Amino acid sequence: METIVPSVNTTKEELQERVDYMVNKASQLEQLAETDDHEAMRQFIILKNFANKEYHVLTLQKNEAAVNSNVHLSNYRGFFTHLHFTDGKMPLRLLHWNLDEFHQANIGFRL
């Protein structure tokens, strides 16, 4: 999925699709970890970087007006404040904990 390009016309449905993508990908990676934890870790890092990039774009000064004037974008930005990944080099034993962050954010935050 491409990184978001926020605008005042961004819809709730577009944003829900993005949240669903991250949550569904996390579920897929949890299953993959049962057979190939190293590949699951590699793909998790890609997913984590995607989430970090989305949040970064939403907090850029140039996007402030669009995000603040669109309640759905503002709420989507809030989704990322619920993600708390372990910092630094991540051991495999924390993979499931980190993947669960997407599910926790989705429970704590609904678009």
# chains A, B, ... in the order shown; residues from 1 in each chain; ligands from 1
call {"tool": "select_by_dssp", "arguments": {"residues": "region 3-77 of chain A", "states": "alpha helix (DSSP H)", "output": "ChimeraX atom specification"}}
result
/A:12-33,37-58,64-69,71-77
call {"tool": "residues_around", "arguments": {"residues": "His84 (chain A)", "least_positions_apart": "5", "cutoff": "12 Å", "atoms": "only C-alpha atoms", "output": "mmCIF file with all heavy atoms, in the first residue's frame"}}
result
data_model
loop_
_atom_site.group_PDB
_atom_site.id
_atom_site.type_symbol
_atom_site.label_atom_id
_atom_site.label_comp_id
_atom_site.auth_asym_id
_atom_site.auth_seq_id
_atom_site.Cartn_x
_atom_site.Cartn_y
_atom_site.Cartn_z
ATOM 1 N N LYS A 48 5.777 -2.229 10.229
ATOM 2 C CA LYS A 48 6.059 -1.199 11.238
ATOM 3 C C LYS A 48 6.558 0.086 10.570
ATOM 4 O O LYS A 48 6.124 1.185 10.938
ATOM 5 C CB LYS A 48 7.106 -1.717 12.224
ATOM 6 C CG LYS A 48 7.474 -0.737 13.299
ATOM 7 C CD LYS A 48 8.495 -1.330 14.241
ATOM 8 C CE LYS A 48 9.760 -0.538 14.137
ATOM 9 N NZ LYS A 48 10.782 -0.871 15.103
ATOM 10 N N ALA A 51 3.628 1.907 9.075
ATOM 11 C CA ALA A 51 2.858 2.621 10.101
ATOM 12 C C ALA A 51 3.585 3.886 10.549
ATOM 13 O O ALA A 51 2.974 4.953 10.688
ATOM 14 C CB ALA A 51 2.593 1.700 11.298
ATOM 15 N N ASN A 52 4.882 3.778 10.746
ATOM 16 C CA ASN A 52 5.658 4.948 11.156
ATOM 17 C C ASN A 52 5.638 6.037 10.090
ATOM 18 O O ASN A 52 5.551 7.228 10.406
ATOM 19 C CB ASN A 52 7.095 4.551 11.482
ATOM 20 C CG ASN A 52 7.203 3.764 12.772
ATOM 21 O OD1 ASN A 52 6.326 3.803 13.613
ATOM 22 N ND2 ASN A 52 8.282 3.012 12.908
ATOM 23 N N PHE A 79 -4.980 6.762 15.747
ATOM 24 C CA PHE A 79 -4.731 5.313 15.711
ATOM 25 C C PHE A 79 -3.267 5.020 16.011
ATOM 26 O O PHE A 79 -2.950 4.094 16.760
ATOM 27 C CB PHE A 79 -5.117 4.764 14.328
ATOM 28 C CG PHE A 79 -4.735 3.330 14.090
ATOM 29 C CD1 PHE A 79 -5.557 2.290 14.512
ATOM 30 C CD2 PHE A 79 -3.558 3.004 13.429
ATOM 31 C CE1 PHE A 79 -5.215 0.969 14.277
ATOM 32 C CE2 PHE A 79 -3.208 1.687 13.200
ATOM 33 C CZ PHE A 79 -4.036 0.665 13.624
ATOM 34 N N TRP A 97 4.196 -9.887 20.525
ATOM 35 C CA TRP A 97 3.816 -8.715 21.305
ATOM 36 C C TRP A 97 3.703 -7.496 20.394
ATOM 37 O O TRP A 97 2.739 -6.734 20.479
ATOM 38 C CB TRP A 97 4.851 -8.470 22.405
ATOM 39 C CG TRP A 97 4.451 -7.387 23.356
ATOM 40 C CD1 TRP A 97 3.719 -7.527 24.494
ATOM 41 C CD2 TRP A 97 4.748 -5.992 23.253
ATOM 42 N NE1 TRP A 97 3.553 -6.306 25.109
ATOM 43 C CE2 TRP A 97 4.168 -5.346 24.369
ATOM 44 C CE3 TRP A 97 5.446 -5.215 22.328
ATOM 45 C CZ2 TRP A 97 4.267 -3.978 24.579
ATOM 46 C CZ3 TRP A 97 5.532 -3.855 22.540
ATOM 47 C CH2 TRP A 97 4.945 -3.254 23.654
ATOM 48 N N ASN A 98 4.677 -7.317 19.515
ATOM 49 C CA ASN A 98 4.663 -6.170 18.616
ATOM 50 C C ASN A 98 3.540 -6.264 17.585
ATOM 51 O O ASN A 98 2.899 -5.267 17.267
ATOM 52 C CB ASN A 98 6.023 -6.021 17.928
ATOM 53 C CG ASN A 98 7.031 -5.364 18.827
ATOM 54 O OD1 ASN A 98 6.955 -4.186 19.101
ATOM 55 N ND2 ASN A 98 7.979 -6.140 19.320
ATOM 56 N N LEU A 99 3.289 -7.458 17.064
ATOM 57 C CA LEU A 99 2.183 -7.623 16.113
ATOM 58 C C LEU A 99 0.848 -7.331 16.793
ATOM 59 O O LEU A 99 -0.061 -6.761 16.177
ATOM 60 C CB LEU A 99 2.184 -9.036 15.535
ATOM 61 C CG LEU A 99 3.279 -9.330 14.519
ATOM 62 C CD1 LEU A 99 3.334 -10.817 14.208
ATOM 63 C CD2 LEU A 99 3.080 -8.521 13.244
ATOM 64 N N ASP A 100 0.734 -7.698 18.051
ATOM 65 C CA ASP A 100 -0.507 -7.476 18.789
ATOM 66 C C ASP A 100 -0.809 -5.988 18.969
ATOM 67 O O ASP A 100 -1.961 -5.610 19.192
ATOM 68 C CB ASP A 100 -0.450 -8.178 20.146
ATOM 69 C CG ASP A 100 -1.804 -8.207 20.817
ATOM 70 O OD1 ASP A 100 -2.772 -8.657 20.171
ATOM 71 O OD2 ASP A 100 -1.895 -7.767 21.979
ATOM 72 N N GLU A 101 0.190 -5.150 18.848
ATOM 73 C CA GLU A 101 -0.034 -3.706 18.973
ATOM 74 C C GLU A 101 -1.051 -3.204 17.946
ATOM 75 O O GLU A 101 -1.841 -2.307 18.235
ATOM 76 C CB GLU A 101 1.284 -2.941 18.831
ATOM 77 C CG GLU A 101 2.162 -3.036 20.059
ATOM 78 C CD GLU A 101 1.504 -2.440 21.286
ATOM 79 O OE1 GLU A 101 1.181 -1.238 21.279
ATOM 80 O OE2 GLU A 101 1.304 -3.186 22.259
ATOM 81 N N PHE A 102 -1.048 -3.778 16.748
ATOM 82 C CA PHE A 102 -2.028 -3.369 15.729
ATOM 83 C C PHE A 102 -3.439 -3.733 16.171
ATOM 84 O O PHE A 102 -4.377 -2.958 15.987
ATOM 85 C CB PHE A 102 -1.701 -4.010 14.381
ATOM 86 C CG PHE A 102 -0.474 -3.426 13.736
ATOM 87 C CD1 PHE A 102 0.748 -4.078 13.822
ATOM 88 C CD2 PHE A 102 -0.529 -2.216 13.067
ATOM 89 C CE1 PHE A 102 1.881 -3.536 13.241
ATOM 90 C CE2 PHE A 102 0.601 -1.670 12.483
ATOM 91 C CZ PHE A 102 1.810 -2.324 12.574
ATOM 92 N N HIS A 103 -3.596 -4.915 16.768
ATOM 93 C CA HIS A 103 -4.912 -5.331 17.252
ATOM 94 C C HIS A 103 -5.351 -4.473 18.435
ATOM 95 O O HIS A 103 -6.521 -4.081 18.522
ATOM 96 C CB HIS A 103 -4.891 -6.813 17.642
ATOM 97 C CG HIS A 103 -4.551 -7.712 16.504
ATOM 98 N ND1 HIS A 103 -5.386 -7.918 15.429
ATOM 99 C CD2 HIS A 103 -3.438 -8.445 16.256
ATOM 100 C CE1 HIS A 103 -4.823 -8.744 14.577
ATOM 101 N NE2 HIS A 103 -3.632 -9.074 15.054
ATOM 102 N N GLN A 104 -4.430 -4.170 19.320
ATOM 103 C CA GLN A 104 -4.754 -3.324 20.471
ATOM 104 C C GLN A 104 -5.158 -1.920 20.026
ATOM 105 O O GLN A 104 -6.116 -1.346 20.557
ATOM 106 C CB GLN A 104 -3.566 -3.253 21.435
ATOM 107 C CG GLN A 104 -3.246 -4.563 22.112
ATOM 108 C CD GLN A 104 -4.390 -5.071 22.964
ATOM 109 O OE1 GLN A 104 -5.028 -4.312 23.682
ATOM 110 N NE2 GLN A 104 -4.666 -6.353 22.880
ATOM 111 N N ALA A 105 -4.433 -1.382 19.062
ATOM 112 C CA ALA A 105 -4.777 -0.042 18.553
ATOM 113 C C ALA A 105 -6.156 -0.066 17.911
ATOM 114 O O ALA A 105 -6.934 0.883 18.053
ATOM 115 C CB ALA A 105 -3.725 0.423 17.551
#
call {"tool": "residues_around", "arguments": {"residues": "region 33-37 of chain A", "least_positions_apart": "6", "cutoff": "10 Å", "atoms": "only C-alpha atoms", "output": "short mmCIF file (atom, residue, chain, number, x, y, z; two decimals) with N, CA and C atoms, in the first residue's frame"}}
result
data_model
loop_
_atom_site.label_atom_id
_atom_site.label_comp_id
_atom_site.auth_asym_id
_atom_site.auth_seq_id
_atom_site.Cartn_x
_atom_site.Cartn_y
_atom_site.Cartn_z
N SER A 27 -2.30 -10.02 11.43
CA SER A 27 -2.87 -11.35 11.64
C SER A 27 -2.18 -12.38 10.75
N GLN A 43 8.88 -9.21 7.55
CA GLN A 43 7.68 -8.54 7.05
C GLN A 43 7.08 -7.61 8.10
N LEU A 92 13.17 -11.96 18.40
CA LEU A 92 12.03 -12.73 17.89
C LEU A 92 10.99 -12.99 18.97
N ARG A 93 11.43 -13.13 20.21
CA ARG A 93 10.48 -13.45 21.29
C ARG A 93 9.45 -12.33 21.49
N LEU A 95 8.13 -10.66 18.85
CA LEU A 95 7.40 -10.49 17.59
C LEU A 95 5.89 -10.48 17.82
N HIS A 96 5.37 -11.46 18.53
CA HIS A 96 3.91 -11.52 18.74
C HIS A 96 3.42 -10.32 19.54
#
call {"tool": "residues_around", "arguments": {"residues": "His72 (chain A)", "least_positions_apart": "5", "cutoff": "10 Å", "atoms": "only C-alpha atoms", "output": "list in words"}}
result
Val8, Asn9, Thr10, Thr11, Lys12, Glu13, Glu14, Leu15, Gln16, Val67, Arg77, Gly78 and Leu111 of chain A
call {"tool": "residues_around", "arguments": {"residues": "Ile4 (chain A)", "least_positions_apart": "3", "cutoff": "9 Å", "atoms": "only C-alpha atoms", "output": "JSON, numbers by chain"}}
result
{"A": [1, 18, 53, 54, 57, 58]}
call {"tool": "closest_residue", "arguments": {"among": "A:Phe85, A:Leu32, A:Val71, A:Glu17", "to": "Asn49 (chain A)", "atoms": "only C-alpha atoms"}}
result
A:Phe85
call {"tool": "atom_distance", "arguments": {"atom1": "CA of Val5 (chain A)", "atom2": "CA of Ala26 (chain A)"}}
result
22.7 Å
